[in-house]
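Undergrad: Handing you this structure, nothing more for now.
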Amino acid sequence: MTDPDPIYDARAYQLSLLAALGDDDPAVTQARTPALLREISVDAGPLLRTRPQVAEWSVLECLGHIVDAELVVAGRYRWILAHDEPDLVGYDQALWVERLAHNGDDVGQLLDLFDALRAADLALWARLTDADRARIGQHRERGPESLELTFRLAAGHDRVHLAQARRALEAVRKLA
């Protein structure tokens, strides 16, 4: 058996995030995420840090990953705007969740960080021109990506991992 083609996997990943967004406005979708994160964290209550299975993320780890992604994408937006076709580094989300120990995070601080980052990124998006949105970064794993595509992917990413957090909460409730 051969290893999967990384370009195919990258394109499949992009398509899965874009499918999660559908035809919805990515700015509207992203603007709703902070309230949805707070809602699920309250809903999870004492189950916030409980993993459904050893190898699966808790609700808090899902939220931590969404915050990590916002940190990364905030940098990508700015690199794409400030530099000509900058190199955009990928990251291993599982390593970040594990090594940044998100299950031990203070949920309030984590959500406050997300709120600030997301507000800054949405304000940046609102003032961009079409030419700004068309600027390209060179993602090491996925190839050329415009700022607009990056923004759309971020909105789909929100939906994918919010759904993951909801599934985690459903699963731990069944175990409780």
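Residues in the structure tokens are named by chain (A, B, ... in the order shown) and by number from 1 within that chain; ligands are numbered from 1 in the order shown.
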Skipping near chain neighbours, those fewer than 6 positions away, what residues fall within 7 Å of Ala168 of chain A using only C-alpha atoms, listed as a PyMOL selection string?
TA: chain A and resi 52+58-59
Undergrad: Within 8 Å of segment 45-51 of chain A, counting only C-alpha atoms, which residues show up once you throw out same-chain ones fewer than 3 positions away? Write them as a list in words, please.
TA: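 Result of the neighbour search: Ser41, Val42, Val54, Ala55, Glu56, Trp57, Ser58, Val59, Leu60, Glu61, Asn103, Gly104, Ala168, Leu169, Val172 and Arg173 of chain A.
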Undergrad: Using DSSP on the backbone coordinates, identify all residues within chain A classified as alpha helix (DSSP H); present the result as number ranges by chain.
TA: A: 6-21, 26-44, 59-82, 93-99, 107-127, 130-134, 147-175
Undergrad: Output C-alpha atoms for every residue in the selection just made, as a compact mmCIF listing (two decimals), in the first residue's frame.
TA:
# COMPACT_ATOMS: atom_id res chain seq x y z
CA PRO A 6 -0.65 14.81 0.00
CA ILE A 7 -1.98 17.16 -2.69
CA TYR A 8 -5.17 15.10 -3.02
CA ASP A 9 -5.57 15.03 0.76
CA ALA A 10 -5.02 18.80 0.94
CA ARG A 11 -7.64 19.44 -1.74
CA ALA A 12 -10.08 17.05 -0.04
CA TYR A 13 -9.52 18.95 3.22
CA GLN A 14 -10.20 22.30 1.54
CA LEU A 15 -13.34 20.93 -0.09
CA SER A 16 -14.61 19.53 3.22
CA LEU A 17 -14.26 22.92 4.91
CA LEU A 18 -15.85 24.74 1.98
CA ALA A 19 -18.73 22.24 2.02
CA ALA A 20 -19.28 22.92 5.73
CA LEU A 21 -19.61 26.63 4.91
CA PRO A 26 -18.07 33.57 5.79
CA ALA A 27 -18.01 36.84 7.75
CA VAL A 28 -21.50 36.24 9.16
CA THR A 29 -20.59 32.64 9.98
CA GLN A 30 -17.41 33.72 11.74
CA ALA A 31 -19.19 36.51 13.63
CA ARG A 32 -21.55 33.92 15.15
CA THR A 33 -18.81 31.61 16.37
CA PRO A 34 -17.84 33.40 19.61
CA ALA A 35 -21.39 33.10 20.99
CA LEU A 36 -21.60 29.46 19.88
CA LEU A 37 -18.32 28.66 21.66
CA ARG A 38 -19.57 30.26 24.86
CA GLU A 39 -22.89 28.44 24.55
CA ILE A 40 -21.32 25.00 24.23
CA SER A 41 -18.86 25.66 27.05
CA VAL A 42 -21.73 26.53 29.39
CA ASP A 43 -23.80 23.61 28.13
CA ALA A 44 -20.92 21.20 28.79
CA VAL A 59 -15.21 19.88 24.33
CA LEU A 60 -12.51 22.13 25.82
CA GLU A 61 -9.84 20.64 23.57
CA CYS A 62 -12.07 21.28 20.54
CA LEU A 63 -12.46 24.88 21.67
CA GLY A 64 -8.71 25.16 22.24
CA HIS A 65 -8.12 23.95 18.71
CA ILE A 66 -10.51 26.55 17.30
CA VAL A 67 -8.57 29.24 19.19
CA ASP A 68 -5.25 27.86 17.90
CA ALA A 69 -6.61 27.97 14.37
CA GLU A 70 -7.65 31.60 14.80
CA LEU A 71 -4.16 32.48 16.00
CA VAL A 72 -2.66 30.80 12.95
CA VAL A 73 -5.09 32.25 10.44
CA ALA A 74 -4.70 35.76 11.90
CA GLY A 75 -1.02 35.55 11.05
CA ARG A 76 -1.72 34.13 7.60
CA TYR A 77 -4.07 37.01 6.73
CA ARG A 78 -1.44 39.53 7.69
CA TRP A 79 1.43 37.71 5.94
CA ILE A 80 -0.62 37.49 2.76
CA LEU A 81 -1.43 41.20 2.92
CA ALA A 82 2.05 42.41 3.81
CA GLN A 93 -3.36 20.27 15.25
CA ALA A 94 -3.12 17.19 17.46
CA LEU A 95 0.34 18.20 18.68
CA TRP A 96 -0.87 21.69 19.48
CA VAL A 97 -3.86 20.42 21.46
CA GLU A 98 -1.69 17.93 23.34
CA ARG A 99 1.41 20.02 23.98
CA VAL A 107 -12.18 28.33 29.50
CA GLY A 108 -12.93 32.00 30.14
CA GLN A 109 -9.42 33.10 29.22
CA LEU A 110 -9.45 30.90 26.14
CA LEU A 111 -12.75 32.34 24.95
CA ASP A 112 -11.68 35.91 25.70
CA LEU A 113 -8.58 35.38 23.54
CA PHE A 114 -10.74 34.00 20.73
CA ASP A 115 -13.18 36.92 20.98
CA ALA A 116 -10.36 39.46 20.65
CA LEU A 117 -8.66 37.66 17.76
CA ARG A 118 -11.90 37.08 15.88
CA ALA A 119 -13.03 40.70 16.31
CA ALA A 120 -9.69 41.94 14.95
CA ASP A 121 -9.82 39.53 12.02
CA LEU A 122 -13.39 40.46 11.11
CA ALA A 123 -12.53 44.16 11.29
CA LEU A 124 -9.55 43.53 9.01
CA TRP A 125 -11.73 41.58 6.55
CA ALA A 126 -14.34 44.37 6.46
CA ARG A 127 -11.81 46.95 5.30
CA ASP A 130 -11.17 42.95 -3.67
CA ALA A 131 -7.50 43.20 -4.67
CA ASP A 132 -6.45 42.58 -1.05
CA ARG A 133 -8.72 39.53 -0.85
CA ALA A 134 -7.23 38.13 -4.05
CA LEU A 147 -6.75 35.54 1.41
CA GLU A 148 -10.41 35.12 0.46
CA LEU A 149 -10.08 31.34 0.28
CA THR A 150 -8.24 31.34 3.60
CA PHE A 151 -11.09 33.35 5.13
CA ARG A 152 -13.73 30.98 3.72
CA LEU A 153 -11.78 27.95 4.97
CA ALA A 154 -11.67 29.49 8.46
CA ALA A 155 -15.46 29.81 8.50
CA GLY A 156 -15.90 26.18 7.45
CA HIS A 157 -13.31 25.16 10.03
CA ASP A 158 -15.41 26.81 12.75
CA ARG A 159 -18.42 24.73 11.75
CA VAL A 160 -16.50 21.47 11.52
CA HIS A 161 -14.97 21.78 14.97
CA LEU A 162 -18.09 23.16 16.64
CA ALA A 163 -19.86 20.05 15.36
CA GLN A 164 -17.00 17.94 16.72
CA ALA A 165 -17.38 19.60 20.13
CA ARG A 166 -21.13 18.92 20.08
CA ARG A 167 -20.53 15.26 19.21
CA ALA A 168 -17.99 15.00 22.03
CA LEU A 169 -20.51 16.44 24.48
CA GLU A 170 -23.24 14.05 23.30
CA ALA A 171 -20.88 11.11 23.67
CA VAL A 172 -19.73 11.99 27.21
CA ARG A 173 -23.33 12.57 28.29
CA LYS A 174 -24.14 9.02 27.21
CA LEU A 175 -21.18 7.77 29.29
Undergrad: Grab the atom CA of Gln138 of chain A to atom CA of Glu85 of chain A distance for me, in Å with one decimal place.
TA: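 Atom CA of Glu85 of chain A lies at a distance of 5.8 Å from atom CA of Gln138 of chain A.
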Undergrad: Mind checking which residues fall within 7 Å of Gly137 of chain A, counting only C-alpha atoms, ignoring those fewer than 6 positions away in the same chain, and posting them as a VMD selection string?
TA: chain A and resid 80 85 to 88 144 to 146
Undergrad: Output C-alpha atoms for every residue in the selection just made, as a CSV table (one decimal), in the first residue's frame.
TA:
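As a result, part21.csv now contains:
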chain,number,residue,atom,x,y,z
A,80,ILE,CA,-0.6,37.5,2.8
A,85,GLU,CA,3.2,35.2,-2.0
A,86,PRO,CA,4.5,34.4,1.5
A,87,ASP,CA,5.3,30.9,2.7
A,88,LEU,CA,2.4,29.7,4.9
A,144,PRO,CA,-1.5,28.7,-3.4
A,145,GLU,CA,-4.4,30.1,-1.4
A,146,SER,CA,-5.9,33.5,-1.7
Undergrad: Would you work out the distance separating atom CA of Asp92 of chain A from atom CA of Arg140 of chain A, expressed in Å to one decimal?
TA: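 Computing the Euclidean distance for atom CA of Asp92 of chain A and atom CA of Arg140 of chain A yields 12.7 Å.
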